[in-house]
Amino acid sequence: MSWISNGLRTTAAAALLAGLLPGCAVPDLQPFADSTALIHRAVLATDTDIPAWLEDAGQHEQAAAFAQHLAVRTQAMNAVLGYSESLAHITAAGQSGAQSAGAVADSLNGLLGAVKAAPLAGGAVSSLATAYDAIAQVRAASAFADAVQQADPAIQGIARILQEDLKSQESLLPQLVPLLKLSVVERDRSGHLAGLESYRLALERRRRSIEKQLAATPGDPALIRESQDVALLIEQTRDRYEPVLAERREIEAQVRRQVELMRRTRQALIEWAAVHAGLAGAVRAGLRPNTAVLTSMAVQLLSAGK
Amino acid sequence: MQIDWDGLNTFADWSGALDRILAQATEALQAGDAAQRVEASELLLEFVRNSPDATAAQLEVIAKAAMDDLAGKAVGEALASLSARTAELALHSKVINAIAEDNELKARSIRLDKARQVIDATAGIVVTLTELRQTLRDSADDLAVAAKIDRAVKAIHDLVPFVMKVKG
């Protein structure tokens, strides 16, 4: 079966070298992939929080409708993440040409062994690996540029829609805050918290009234005594009423943080889409895409999301 | 709008205050201004918090309903805006998923996965055929089978260079 070895070896090398293109390199995809992952996380966080807040604000039907539409946003971001990973796989394939060629050489040696032919010489395998290393990079760069160019209209569309969504939600969230703050006491079905709040505010109102009277008649012993009594009663409500106020402050703070996260995500989306639009051109021109601004925004997004 | 809550005592006082807040809420709804709606809703919340149950329990119900209306209007607008874009977004997602699938195929092609699979499978067939060839005797039937096996292995040999050219 010696007929197979020489012919196969030369033809295999020729086949691997076929299609050699002028050189251009696949760019470092890491900044784009990292920012995609962070935007994905930020959009997912928003998608989870909005229906929950709507529920808390008593907008149950709308919460369910929102959840349905937001699920499509989650699917879109999952698609974008999968796409970003697929670009990374092309990049990785381009960077491991020698390894791929080595694996093919191993397979070829398996076949040669099966037909009792001599295996490929070590030098031939090494030449094959070196040659395919360059070919793989060129094939990857070409595949990468084609994919990015083909995907760009959809990527720009997704980025635009998500920006519009976020802008709409940035406007919506603060409008829910009064209802959310009211819900802190309304959630308590026993009515104890609502009663406590009425009692506490009545005491504070009485205290202000006494202070006004004392300003007009300073030193009035009856007023002073009543003022002390009211102060004591207010103090006695502190343990139960302070948590209500703290929860309301936390709602306001959470909404502020969420709105800020949305604003930053929106800005990051603008830069992310711009970087994507430039990726194909950068690869074809052999240039590194400028991702400095995107990286900086991704870092800010990360801090805003904490 | 500034309201002196401490200055409200009678039902008429509280009712008048609520009327003024509701007028602002109506104006905010008509203007479609989010900041004005927040301000009106905060005033309604303060009304609910401050109004004494004994005097203004019914007014409190009205104030809460107005808060619901303001929030409901905002949510409705946001939902309408969201749903108007959902179909287009789903379409973009399909395109991106298809491109991602194609990218995975391209990555596998660059890694020469298919070439390896074909060569490995071919080697397996050759091994099996060779083993079978060794079991054959000198009978006419066996010799006919041996000749067919030799032709099959030769055909595989001829096929391999073409397989190597496939970028799959």
# chains A, B, ... in the order shown; residues from 1 in each chain; ligands from 1

$ residues_around --residues "region 82-95 of chain B" --least-positions-apart "2" --cutoff "8 Å" --atoms "only C-alpha atoms" --output "list in words"
His69, Val72, Arg73, Gln75, Ala76, Ala79, Val80, Ala151, Ala154, Ile155, Gly157, Ile158, Ile161 and Asp165 of chain A; Ala78, Leu79, Ala80, Asn97, Ala98 and Ile99 of chain B

$ closest_atom_pairs --of "chain A" --to "chain B" --cutoff "7 Å" --atoms "only C-alpha atoms" --output "tab-separated table"
residue	atom	partner	partner_atom	distance
A:Ile4	CA	B:His157	CA	6.1
A:Leu8	CA	B:Pro161	CA	6.4
A:Thr11	CA	B:Pro161	CA	5.6
A:Ala12	CA	B:Met164	CA	6.0
A:Ala15	CA	B:Lys165	CA	4.9
A:Phe66	CA	B:Leu79	CA	6.4
A:His69	CA	B:Ser83	CA	6.4
A:Val72	CA	B:Ala90	CA	6.4
A:Ala76	CA	B:Ser93	CA	5.0
A:Ala79	CA	B:Asn97	CA	5.5
A:Val80	CA	B:Ile96	CA	6.6
A:Gly82	CA	B:Ala100	CA	6.4
A:Tyr83	CA	B:Ala100	CA	4.5
A:Ser86	CA	B:Ala100	CA	5.5
A:Leu87	CA	B:Asn103	CA	6.6
A:His89	CA	B:Ala107	CA	5.9
A:Ile90	CA	B:Ala107	CA	4.5
A:Ala93	CA	B:Arg111	CA	5.5
A:Gly94	CA	B:Ile110	CA	6.7
A:Gly97	CA	B:Arg111	CA	6.8
A:Ser100	CA	B:Arg111	CA	5.2
A:Val104	CA	B:Arg116	CA	5.4
A:Ser107	CA	B:Asp120	CA	5.7
A:Leu108	CA	B:Ile119	CA	6.5
A:Gly110	CA	B:Ala123	CA	6.4
A:Leu111	CA	B:Ala123	CA	4.4
A:Ala114	CA	B:Val127	CA	5.3
A:Val115	CA	B:Val126	CA	6.8
A:Ala136	CA	B:Ile110	CA	5.9
A:Arg139	CA	B:Ile110	CA	6.8
A:Ala140	CA	B:Ile110	CA	6.9
A:Ala143	CA	B:Lys106	CA	6.9
A:Ala147	CA	B:Ile99	CA	6.7
A:Ala151	CA	B:Ile96	CA	6.2
A:Ala154	CA	B:His92	CA	4.9
A:Gly157	CA	B:His92	CA	6.9
A:Ile158	CA	B:Leu89	CA	6.1
A:Ile161	CA	B:Arg85	CA	6.7
A:Asp165	CA	B:Leu82	CA	6.2
A:Ser168	CA	B:Ala78	CA	5.9
A:Gln169	CA	B:Ala78	CA	6.8
A:Ser171	CA	B:Ala34	CA	6.6
A:Leu172	CA	B:Ala74	CA	6.1
A:Pro174	CA	B:Val38	CA	6.9
A:Gln175	CA	B:Val38	CA	5.1
A:Leu176	CA	B:Ala71	CA	6.0
A:Pro178	CA	B:Glu42	CA	5.5
A:Leu179	CA	B:Met67	CA	6.8
A:Leu182	CA	B:Leu45	CA	6.8
A:Ser198	CA	B:Arg49	CA	6.7
A:Leu201	CA	B:Asn50	CA	6.6
A:Arg205	CA	B:Asp6	CA	6.4

$ write_last_selection --atoms "C-alpha atoms" --output "compact mmCIF listing (two decimals), in the first residue's frame"
# COMPACT_ATOMS: atom_id res chain seq x y z
CA ILE A 4 -0.88 6.20 -0.74
CA LEU A 8 -1.22 11.88 0.02
CA THR A 11 -1.58 16.68 -1.89
CA ALA A 12 -2.46 17.28 1.77
CA ALA A 15 -4.65 21.45 0.02
CA PHE A 66 -43.75 44.44 30.69
CA HIS A 69 -41.76 42.51 26.23
CA VAL A 72 -37.62 39.77 24.04
CA ALA A 76 -31.82 39.98 21.99
CA ALA A 79 -28.24 36.64 20.86
CA VAL A 80 -25.71 39.47 20.93
CA GLY A 82 -23.72 34.46 21.54
CA TYR A 83 -22.68 36.42 18.48
CA SER A 86 -18.89 33.25 18.01
CA LEU A 87 -16.61 36.08 16.84
CA HIS A 89 -14.31 31.50 18.41
CA ILE A 90 -13.35 32.66 14.90
CA ALA A 93 -9.53 29.41 15.49
CA GLY A 94 -7.38 31.88 13.55
CA GLY A 97 -3.79 27.37 13.05
CA SER A 100 -5.31 22.62 13.98
CA VAL A 104 -4.96 17.09 10.98
CA SER A 107 -5.31 12.21 11.74
CA LEU A 108 -3.38 11.80 8.48
CA GLY A 110 -3.62 7.58 11.62
CA LEU A 111 -4.82 7.01 8.06
CA ALA A 114 -4.08 2.15 8.66
CA VAL A 115 -2.82 1.56 5.15
CA ALA A 136 -5.83 30.20 9.45
CA ARG A 139 -9.24 32.84 6.83
CA ALA A 140 -10.27 34.01 10.31
CA ALA A 143 -14.60 35.36 8.10
CA ALA A 147 -19.60 38.35 9.74
CA ALA A 151 -24.37 41.64 11.36
CA ALA A 154 -28.98 44.23 13.09
CA GLY A 157 -30.90 48.19 15.24
CA ILE A 158 -30.62 46.36 18.57
CA ILE A 161 -33.96 49.97 20.28
CA ASP A 165 -36.16 51.37 25.82
CA SER A 168 -38.33 55.37 28.31
CA GLN A 169 -37.61 53.42 31.50
CA SER A 171 -38.48 58.44 32.62
CA LEU A 172 -40.85 55.81 34.04
CA PRO A 174 -39.05 58.07 39.09
CA GLN A 175 -42.79 58.28 38.40
CA LEU A 176 -43.28 55.04 40.35
CA PRO A 178 -44.40 57.92 45.24
CA LEU A 179 -46.48 54.74 44.84
CA LEU A 182 -46.78 54.48 49.79
CA SER A 198 -50.81 58.60 61.05
CA LEU A 201 -47.36 62.47 61.90
CA ARG A 205 -47.95 68.13 63.91

$ residues_around --residues "Gln163 (chain A)" --least-positions-apart "6" --cutoff "9 Å" --atoms "only C-alpha atoms" --output "MDAnalysis selection string"
chainID A and resid 262:263 265:267 269:270

$ closest_residue --among "B:Asn9, B:Ser139, B:Gln2, B:Gln58" --to "Ile21 (chain B)" --atoms "only C-alpha atoms"
B:Gln2
